[in-house]
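Beneath this line is the structure, given in structure tokens, with notes to follow.
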Amino acid sequence: MRTGEPLPAVGEVLASLATGLWHWDTATGLVTVDAEAARLLGLPRHETVLTEAQTRARLHPVDWNEITGVIQLAVAESTLAEVRIRIMDDQGRVVRVVRSRSKPSFDPVRKAYELIGTLQEVTEPTPGTPAGRTAVTGDWRRSREAFLLDAGRALAEARSTEEVLRVAAALSMPGFSPDGLAVFGVEGDRLTIIGHHGQQPGDESPFTQMSLHTDYPAAEVVRTGRAVYLSSPEQYKERYPLTWPMAAQFGRHSWAFLPLTVAGRTMGAWMAAFAYPVAFTPDERSVLTTVARMLAQALTRAGAAETQRELTDGLQRSMLPTLGPEIPGMTLAARYIPTGGGLQVGGDWYDMIPLPRGRFALVIGDVQGHDVRAAGLMGQLRIAVRAYAAEGHRPDAVLSRASGFFHGLAATDGGGAGAGSDPRFATCLYIEVDPVTGVLETARAGHLDPAIRMADGTVLVRATAGGLPLGIDPDADYPTTRLGLEPGEALMLCTDGLLETGGHDLDTGWRRVRKTLETHEGDLEELADALVQAVHGPSSHHTTGPLADRREDDIAVLLLCRQGAGGCGPDTAVVPARQPVRRSMLTVAQAEPERIAAARQQLRELLHDWTCEDQVDSAVLLVSETLTNVLVHTDADALLVAEVTGAPGERRLRIEVTDTGDDLPHLRSPGELASSGRGLVLIELLAETWGVAPRGKGKSIWFELSEPGTP
């Protein structure tokens with residue numbers, strides 16, 4: 001080329017230097033290469049467009065992973081990305097080694113990377129030669145640093161030995177990656193296999209319970225605390241002739257055995273085996289040594305966490321009962337999930353207590369705190385409740401005695417010097433069940449109300465009378481509430497951990513649980529699993545990666561189903577088919593006028609799928625009027641029974657309010673300034689039919705509404 005002549009095209013210059021061009025856009029997933037780059041990739045020598053899968057098939061899988069890591073690091077540092085790439089043929093053999101230099105960029109709108117770079121063939125250093133020991137610099141060193149940062153983060157997030165081993169097996173080291181791994185532990189004077197990868201199950205048998213004095217690299221590493229590097233089968237056979245036949249069967253070409261050291265103590269050894277020769281340059285040894293140190297620390301943390309979890313679970317579960325023998329006509333299921341992390345034992349518990357005459361009691365509670373003291377108090381409280389119930393006391397008396405017992409126990413137990421200044425309380429729900437009639441006698445001490453799923457899937461929270469949590473006032477009273485469990489209905493008792501896990505409050509958490517209760521189809525055991533799964537989701541204890549531990553609080557769930565048509569028990573066929581029914585009962589005492597609001601809310605939940613909203617409003621108004629009339633005009637308590645029968649679109653609502661008063665109400669025309677007398681007038685205007693009936697001692701006021709049909 002003479003002076004003054006135009007410069008040749010860039011492509012021509014690069015072609016004369018045996019350098020190819022390539023362009024990669026991760027948004028489209030296409031890689032464009034010129035003729036020279038195509039030749040270096042082992043393709044016909046002309047410009048072509050490849051997919052990512054086609055390009056990846058031409059590269060060593062380790063190098064492809066390295067490319068993605070280097071690109072992200074180069075974008076973050078606004079530097080060039082330089083990486084070595086091994087080109088493979090169809091038989092998986094390395095045909096050449098090329099070096100790529102590129103300037104990547106990131107498009108935040110498309111969330112994609114784009115880079116234009118060069119490919120140029122380089123000479124691969126022979127393992128063991130001075131060229132093979134050349135130090136890595138520049139982008140190569142940044143690639144190694146990026147790998148170590150990712151490896152450290154992944155190992156730090158592993159919470160079990162199994163997860164640590166999976167993370168170690170998935171590590172893709174820059175420029176070289178082992179295809180076989182083994183982690184050795186020490187028991188006395190013997191080697192043990194903690195885990196391995198890249199070998200078939202059972203291949204580890206010859207290496208299990210091997211003496212530390214055996215002529216084997218891992219044993220030498222444990223004895224001396226120094227790493228052993230073997231770059232070729234010849235080196236292995238020369239240094240360890242006795243155990244070479246055991247290693248020869250795997251067909252590997254290079255091995256690295258590194259000590260797993262924590263606090264100056266060698267706890268085991270890590271073997272990394274390679275299917276191709278590795279020179280083990282100073283930089284490669286540095287990477288392996290760093291990974292071994294992080295692996296040792298991760299295994300130590302995981303082992304300590306597993307020991308603590310095993311102690312926690314064992315302590316907690318040893319205090320929980322079995323559900324006892326089968327109860328005719330009833331099905332029971334229970335779940336307990338401990339809180340996560342360390343010795344965070346909780347105070348949740350449940351119990352099933354056999355009682356005379358075929359009856360039994362269900363108990364669920366939560367002692368304040370997440371520590372060993374809370375678990376100890378829980379165990380003692382559970383025993384006390386069982387004792388009081390076995391003595392034949394009614395639910396209110398059981399909780400009253402338990403509150404006095406727990407008040408003295410929490411103030412004087414062996415909780416340390418400050419036990420008396422750290423009083424505890426406990427919530428509790430005690431239900432006495434008659435399996436023949438389905439009657440539930442409940443007493444509640446600051447706990448969550450029970451919920452009932454009816455045979456048609458409708459779920460209602462049953463408002464119950466309650467008192468203070470146990471231990472606050474030793475003389476507290478606990479009123480009882482009578483509920484009914486119809487055939488085919490299921491009762492759910494739970495602690496607040498089921499509702500509040502995952503950042504929810506009681507309201508949003510209940511909506512999440514209620515959806516599972518309404519939509520689940522299956523038996524009671526499957527329903528219990530579904531409730532826990534809905535709260536926890538995919539468990540980080542069985543999945544690798546940075547998933548958060550969702551076990552923020554311990555959870556206790558107790559389910560009871562009365563077998564019947566549409567129910568969840570095995571004997572549903574023995575109950576004859578009958579008209580679908582929903583029934584709700586609620587007692588409103590003279591001293592509890594605020595329960596009228598609970599009655600209104602419960603009626604709205606009972607009619608949640610009623611086709612006419614105006615009728616729902618009318619029914620709520622009439623219930624409020626009839627209950628108020630009982631409290632104002634009598635000295636008795638009011639019993640509300642609401643029942644829905646029939647198929648959707650043809651249903652009928654019957655509401656009956658009963659009291660023990662003798663005076664029968666009568667319809668009259670109140671004056672303009674009258675303060676009462678309008679209740680029956682409203683019933684006459686809004687109800688389809690109504691009536692007043694004497695009930696021996698007392699009376700009942702009832703009215704009915706018919707659903708107008710599906711719109």
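The way I read the labels, and the way they are meant: chains A, B, ... in the order of the structure tokens, residue 1 as the first residue of every chain, and ligand 1 as the first ligand shown, with later ones counted on from there.
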Compile the contact shell of His633 of chain A as a list of chain:residue names: residues with an atom at most 10 Å away, counting only C-alpha atoms, same-chain residues fewer than 2 positions apart removed. A:Thr628, A:Asn629, A:Val630, A:Leu631, A:Asp635, A:Ala636, A:Gly661, A:Asp663, A:Pro665
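Within 9 Å of Thr32 of chain A, once only C-alpha atoms are used and residues closer than 5 positions along the same chain are dropped, the contacting residues are Leu21, Trp22, His23, Trp24, Asp25, Glu47, Thr48, Val49, Leu50 and Thr51 of chain A.
When the distance limit is 9 Å and only C-alpha atoms are what count, the residues near Gly392 of chain A, minus those fewer than 3 positions from it on the same chain, are A:Leu355, A:Pro356, A:Tyr388, A:Ala389, A:Val398.
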So that I have them on file, write out the residues from the current selection with N, CA, C and O atoms, as a PDB file, in the first residue's frame.
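Saved as selection36.pdb:
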```
ATOM      1  N   LEU A 355     -61.686 -38.478  77.314  1.00  0.00           N
ATOM      2  CA  LEU A 355     -62.527 -38.160  78.462  1.00  0.00           C
ATOM      3  C   LEU A 355     -63.542 -39.282  78.678  1.00  0.00           C
ATOM      4  O   LEU A 355     -63.755 -40.119  77.778  1.00  0.00           O
ATOM      5  N   PRO A 356     -64.200 -39.330  79.828  1.00  0.00           N
ATOM      6  CA  PRO A 356     -65.203 -40.381  80.076  1.00  0.00           C
ATOM      7  C   PRO A 356     -66.374 -40.300  79.102  1.00  0.00           C
ATOM      8  O   PRO A 356     -66.618 -39.289  78.457  1.00  0.00           O
ATOM      9  N   TYR A 388     -56.022 -31.593  84.673  1.00  0.00           N
ATOM     10  CA  TYR A 388     -57.286 -30.968  85.045  1.00  0.00           C
ATOM     11  C   TYR A 388     -58.434 -31.559  84.227  1.00  0.00           C
ATOM     12  O   TYR A 388     -59.546 -31.753  84.748  1.00  0.00           O
ATOM     13  N   ALA A 389     -58.193 -31.835  82.947  1.00  0.00           N
ATOM     14  CA  ALA A 389     -59.249 -32.420  82.124  1.00  0.00           C
ATOM     15  C   ALA A 389     -59.581 -33.832  82.590  1.00  0.00           C
ATOM     16  O   ALA A 389     -60.756 -34.238  82.631  1.00  0.00           O
ATOM     17  N   VAL A 398     -61.214 -25.957  83.585  1.00  0.00           N
ATOM     18  CA  VAL A 398     -59.876 -26.392  83.165  1.00  0.00           C
ATOM     19  C   VAL A 398     -58.981 -25.183  82.922  1.00  0.00           C
ATOM     20  O   VAL A 398     -57.838 -25.114  83.402  1.00  0.00           O
TER      21      VAL A 398
END
```
List the spatial neighbours of Arg386 of chain A as a CSV table (one decimal) with N, CA, C and O atoms, in the first residue's frame - criterion: any atom at most 9 Å away, only C-alpha atoms, same-chain residues fewer than 2 positions off excluded.
```csv
chain,number,residue,atom,x,y,z
A,351,ASP,N,-53.0,-31.0,71.7
A,351,ASP,CA,-53.2,-32.2,72.5
A,351,ASP,C,-54.6,-32.7,72.2
A,351,ASP,O,-55.5,-32.0,71.8
A,352,MET,N,-54.7,-34.0,72.3
A,352,MET,CA,-56.0,-34.7,72.3
A,352,MET,C,-56.1,-35.5,73.5
A,352,MET,O,-55.3,-36.4,73.8
A,353,ILE,N,-57.2,-35.2,74.4
A,353,ILE,CA,-57.3,-35.8,75.7
A,353,ILE,C,-58.5,-36.7,75.7
A,353,ILE,O,-59.7,-36.2,75.6
A,381,LEU,N,-47.2,-26.9,81.1
A,381,LEU,CA,-48.6,-26.5,80.9
A,381,LEU,C,-49.4,-27.6,80.3
A,381,LEU,O,-50.6,-27.8,80.7
A,382,ARG,N,-48.9,-28.2,79.3
A,382,ARG,CA,-49.7,-29.3,78.6
A,382,ARG,C,-50.0,-30.4,79.6
A,382,ARG,O,-51.1,-30.9,79.6
A,383,ILE,N,-49.1,-30.8,80.4
A,383,ILE,CA,-49.3,-31.8,81.4
A,383,ILE,C,-50.4,-31.4,82.4
A,383,ILE,O,-51.3,-32.1,82.8
A,384,ALA,N,-50.3,-30.1,82.8
A,384,ALA,CA,-51.3,-29.6,83.8
A,384,ALA,C,-52.7,-29.6,83.2
A,384,ALA,O,-53.7,-30.0,83.8
A,388,TYR,N,-56.0,-31.6,84.7
A,388,TYR,CA,-57.3,-31.0,85.0
A,388,TYR,C,-58.4,-31.6,84.2
A,388,TYR,O,-59.5,-31.8,84.7
A,389,ALA,N,-58.2,-31.8,82.9
A,389,ALA,CA,-59.2,-32.4,82.1
A,389,ALA,C,-59.6,-33.8,82.6
A,389,ALA,O,-60.8,-34.2,82.6
A,390,ALA,N,-58.5,-34.6,83.0
A,390,ALA,CA,-58.8,-36.0,83.4
A,390,ALA,C,-59.5,-36.0,84.7
A,390,ALA,O,-60.2,-37.0,85.0
A,391,GLU,N,-59.5,-35.0,85.5
A,391,GLU,CA,-60.2,-34.9,86.8
A,391,GLU,C,-61.7,-34.7,86.6
A,391,GLU,O,-62.5,-34.8,87.5
A,398,VAL,N,-61.2,-26.0,83.6
A,398,VAL,CA,-59.9,-26.4,83.2
A,398,VAL,C,-59.0,-25.2,82.9
A,398,VAL,O,-57.8,-25.1,83.4
```
Spatial neighbours of segment 210-215 of chain A, 9 Å, only C-alpha atoms, chain gap at least 6 places, as a ChimeraX atom specification: /A:186,189-192,222-223,239-243
Need the shell around Gly404 of chain A: protein/DNA/RNA residues with any atom at most 9 Å away, counting only C-alpha atoms. Skip same-chain ones fewer than 4 positions apart. Format as a PDB file with N, CA and C atoms, in the first residue's frame?
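See around_3.pdb below for the written result:
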```
ATOM      1  N   LEU A 399     -59.486 -24.197  82.176  1.00  0.00           N
ATOM      2  CA  LEU A 399     -58.661 -23.024  81.874  1.00  0.00           C
ATOM      3  C   LEU A 399     -58.449 -22.152  83.108  1.00  0.00           C
ATOM      4  N   SER A 400     -59.431 -22.039  83.975  1.00  0.00           N
ATOM      5  CA  SER A 400     -59.242 -21.246  85.198  1.00  0.00           C
ATOM      6  C   SER A 400     -58.132 -21.830  86.058  1.00  0.00           C
ATOM      7  N   GLY A 408     -48.214 -18.994  88.598  1.00  0.00           N
ATOM      8  CA  GLY A 408     -47.171 -19.309  89.563  1.00  0.00           C
ATOM      9  C   GLY A 408     -45.958 -19.935  88.921  1.00  0.00           C
ATOM     10  N   LEU A 409     -46.173 -20.764  87.892  1.00  0.00           N
ATOM     11  CA  LEU A 409     -45.062 -21.445  87.232  1.00  0.00           C
ATOM     12  C   LEU A 409     -44.176 -20.459  86.490  1.00  0.00           C
ATOM     13  N   LEU A 470     -53.603 -17.184  79.613  1.00  0.00           N
ATOM     14  CA  LEU A 470     -53.240 -17.861  80.850  1.00  0.00           C
ATOM     15  C   LEU A 470     -52.012 -17.208  81.467  1.00  0.00           C
ATOM     16  N   GLY A 471     -52.026 -17.071  82.789  1.00  0.00           N
ATOM     17  CA  GLY A 471     -50.869 -16.555  83.500  1.00  0.00           C
ATOM     18  C   GLY A 471     -50.934 -15.080  83.820  1.00  0.00           C
ATOM     19  N   ILE A 472     -51.842 -14.328  83.245  1.00  0.00           N
ATOM     20  CA  ILE A 472     -51.936 -12.886  83.514  1.00  0.00           C
ATOM     21  C   ILE A 472     -52.699 -12.632  84.810  1.00  0.00           C
ATOM     22  N   ASP A 473     -53.850 -13.269  84.942  1.00  0.00           N
ATOM     23  CA  ASP A 473     -54.675 -13.117  86.146  1.00  0.00           C
ATOM     24  C   ASP A 473     -55.003 -14.508  86.662  1.00  0.00           C
ATOM     25  N   PRO A 474     -54.470 -14.891  87.822  1.00  0.00           N
ATOM     26  CA  PRO A 474     -54.727 -16.257  88.310  1.00  0.00           C
ATOM     27  C   PRO A 474     -56.185 -16.505  88.662  1.00  0.00           C
ATOM     28  N   ASP A 475     -56.984 -15.458  88.796  1.00  0.00           N
ATOM     29  CA  ASP A 475     -58.396 -15.612  89.148  1.00  0.00           C
ATOM     30  C   ASP A 475     -59.325 -15.331  87.971  1.00  0.00           C
ATOM     31  N   ALA A 476     -58.805 -15.366  86.760  1.00  0.00           N
ATOM     32  CA  ALA A 476     -59.612 -15.021  85.586  1.00  0.00           C
ATOM     33  C   ALA A 476     -60.682 -16.075  85.339  1.00  0.00           C
TER      34      ALA A 476
END
```
Run DSSP on the backbone of this structure and report the residues of segment 13-158 of chain A it assigns to alpha helix (DSSP H), as a PyMOL selection string. chain A and resi 13-16+35-40+52-58+61-77+139-157
Let's see if you can do this: from backbone DSSP, list all strand (DSSP E or B) residues in segment 10-257 of chain A, as number ranges by chain. A: 19-25, 30-33, 48-51, 59, 81-88, 94-107, 112-122, 180-187, 190-197, 210-211, 228-230, 254-257
Residues within 10 Å of Thr501 of chain A, please, as a ChimeraX atom specification. Count only C-alpha atoms; anything in the same chain fewer than 3 positions from it doesn't count. /A:496-498,504-506,509,535-536,550-555
Selected residues written out with N, CA, C and O atoms, as a short mmCIF file (atom, residue, chain, number, x, y, z; two decimals), in the first residue's frame:
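selection10.cif was written with the following content:
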```cif
data_model
loop_
_atom_site.label_atom_id
_atom_site.label_comp_id
_atom_site.auth_asym_id
_atom_site.auth_seq_id
_atom_site.Cartn_x
_atom_site.Cartn_y
_atom_site.Cartn_z
N ASP A 496 -51.01 -18.63 65.74
CA ASP A 496 -50.86 -17.46 64.87
C ASP A 496 -49.75 -17.62 63.85
O ASP A 496 -49.70 -16.88 62.86
N GLY A 497 -48.82 -18.58 64.05
CA GLY A 497 -47.76 -18.78 63.06
C GLY A 497 -48.30 -19.17 61.70
O GLY A 497 -47.73 -18.82 60.67
N LEU A 498 -49.43 -19.90 61.67
CA LEU A 498 -50.02 -20.29 60.39
C LEU A 498 -50.52 -19.09 59.61
O LEU A 498 -50.50 -19.08 58.38
N HIS A 504 -47.49 -11.50 56.82
CA HIS A 504 -48.93 -11.21 56.87
C HIS A 504 -49.35 -10.81 58.27
O HIS A 504 -48.71 -11.15 59.27
N ASP A 505 -50.47 -10.07 58.35
CA ASP A 505 -51.12 -9.86 59.63
C ASP A 505 -52.24 -10.89 59.75
O ASP A 505 -52.44 -11.73 58.87
N LEU A 506 -52.97 -10.84 60.86
CA LEU A 506 -54.00 -11.86 61.07
C LEU A 506 -55.08 -11.81 60.00
O LEU A 506 -55.62 -12.85 59.61
N GLY A 509 -53.47 -12.92 56.50
CA GLY A 509 -53.08 -14.32 56.64
C GLY A 509 -54.28 -15.24 56.67
O GLY A 509 -54.25 -16.35 56.12
N VAL A 535 -48.52 -21.79 53.31
CA VAL A 535 -47.84 -20.77 54.12
C VAL A 535 -46.35 -20.72 53.79
O VAL A 535 -45.77 -19.66 53.63
N HIS A 536 -45.72 -21.89 53.67
CA HIS A 536 -44.27 -21.93 53.50
C HIS A 536 -43.85 -21.87 52.04
O HIS A 536 -42.77 -21.40 51.71
N ARG A 550 -38.57 -19.53 55.38
CA ARG A 550 -39.90 -19.01 55.68
C ARG A 550 -40.38 -19.41 57.07
O ARG A 550 -41.48 -19.05 57.46
N ARG A 551 -39.59 -20.17 57.83
CA ARG A 551 -40.04 -20.64 59.14
C ARG A 551 -39.79 -19.54 60.18
O ARG A 551 -38.92 -19.65 61.03
N GLU A 552 -40.58 -18.45 60.10
CA GLU A 552 -40.39 -17.33 60.99
C GLU A 552 -40.95 -17.61 62.39
O GLU A 552 -40.51 -17.02 63.37
N ASP A 553 -41.96 -18.45 62.47
CA ASP A 553 -42.59 -18.77 63.75
C ASP A 553 -43.03 -20.22 63.68
O ASP A 553 -43.29 -20.76 62.60
N ASP A 554 -43.09 -20.87 64.85
CA ASP A 554 -43.54 -22.25 64.83
C ASP A 554 -45.05 -22.27 64.58
O ASP A 554 -45.77 -21.30 64.82
N ILE A 555 -45.50 -23.39 64.05
CA ILE A 555 -46.89 -23.53 63.60
C ILE A 555 -47.46 -24.81 64.19
O ILE A 555 -46.83 -25.87 64.13
#
```
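Across A:Ala76, A:Arg462, A:Pro104, A:Leu524, the tightest approach to Arg335 of chain A is made by A:Leu524 when counting only C-alpha atoms.
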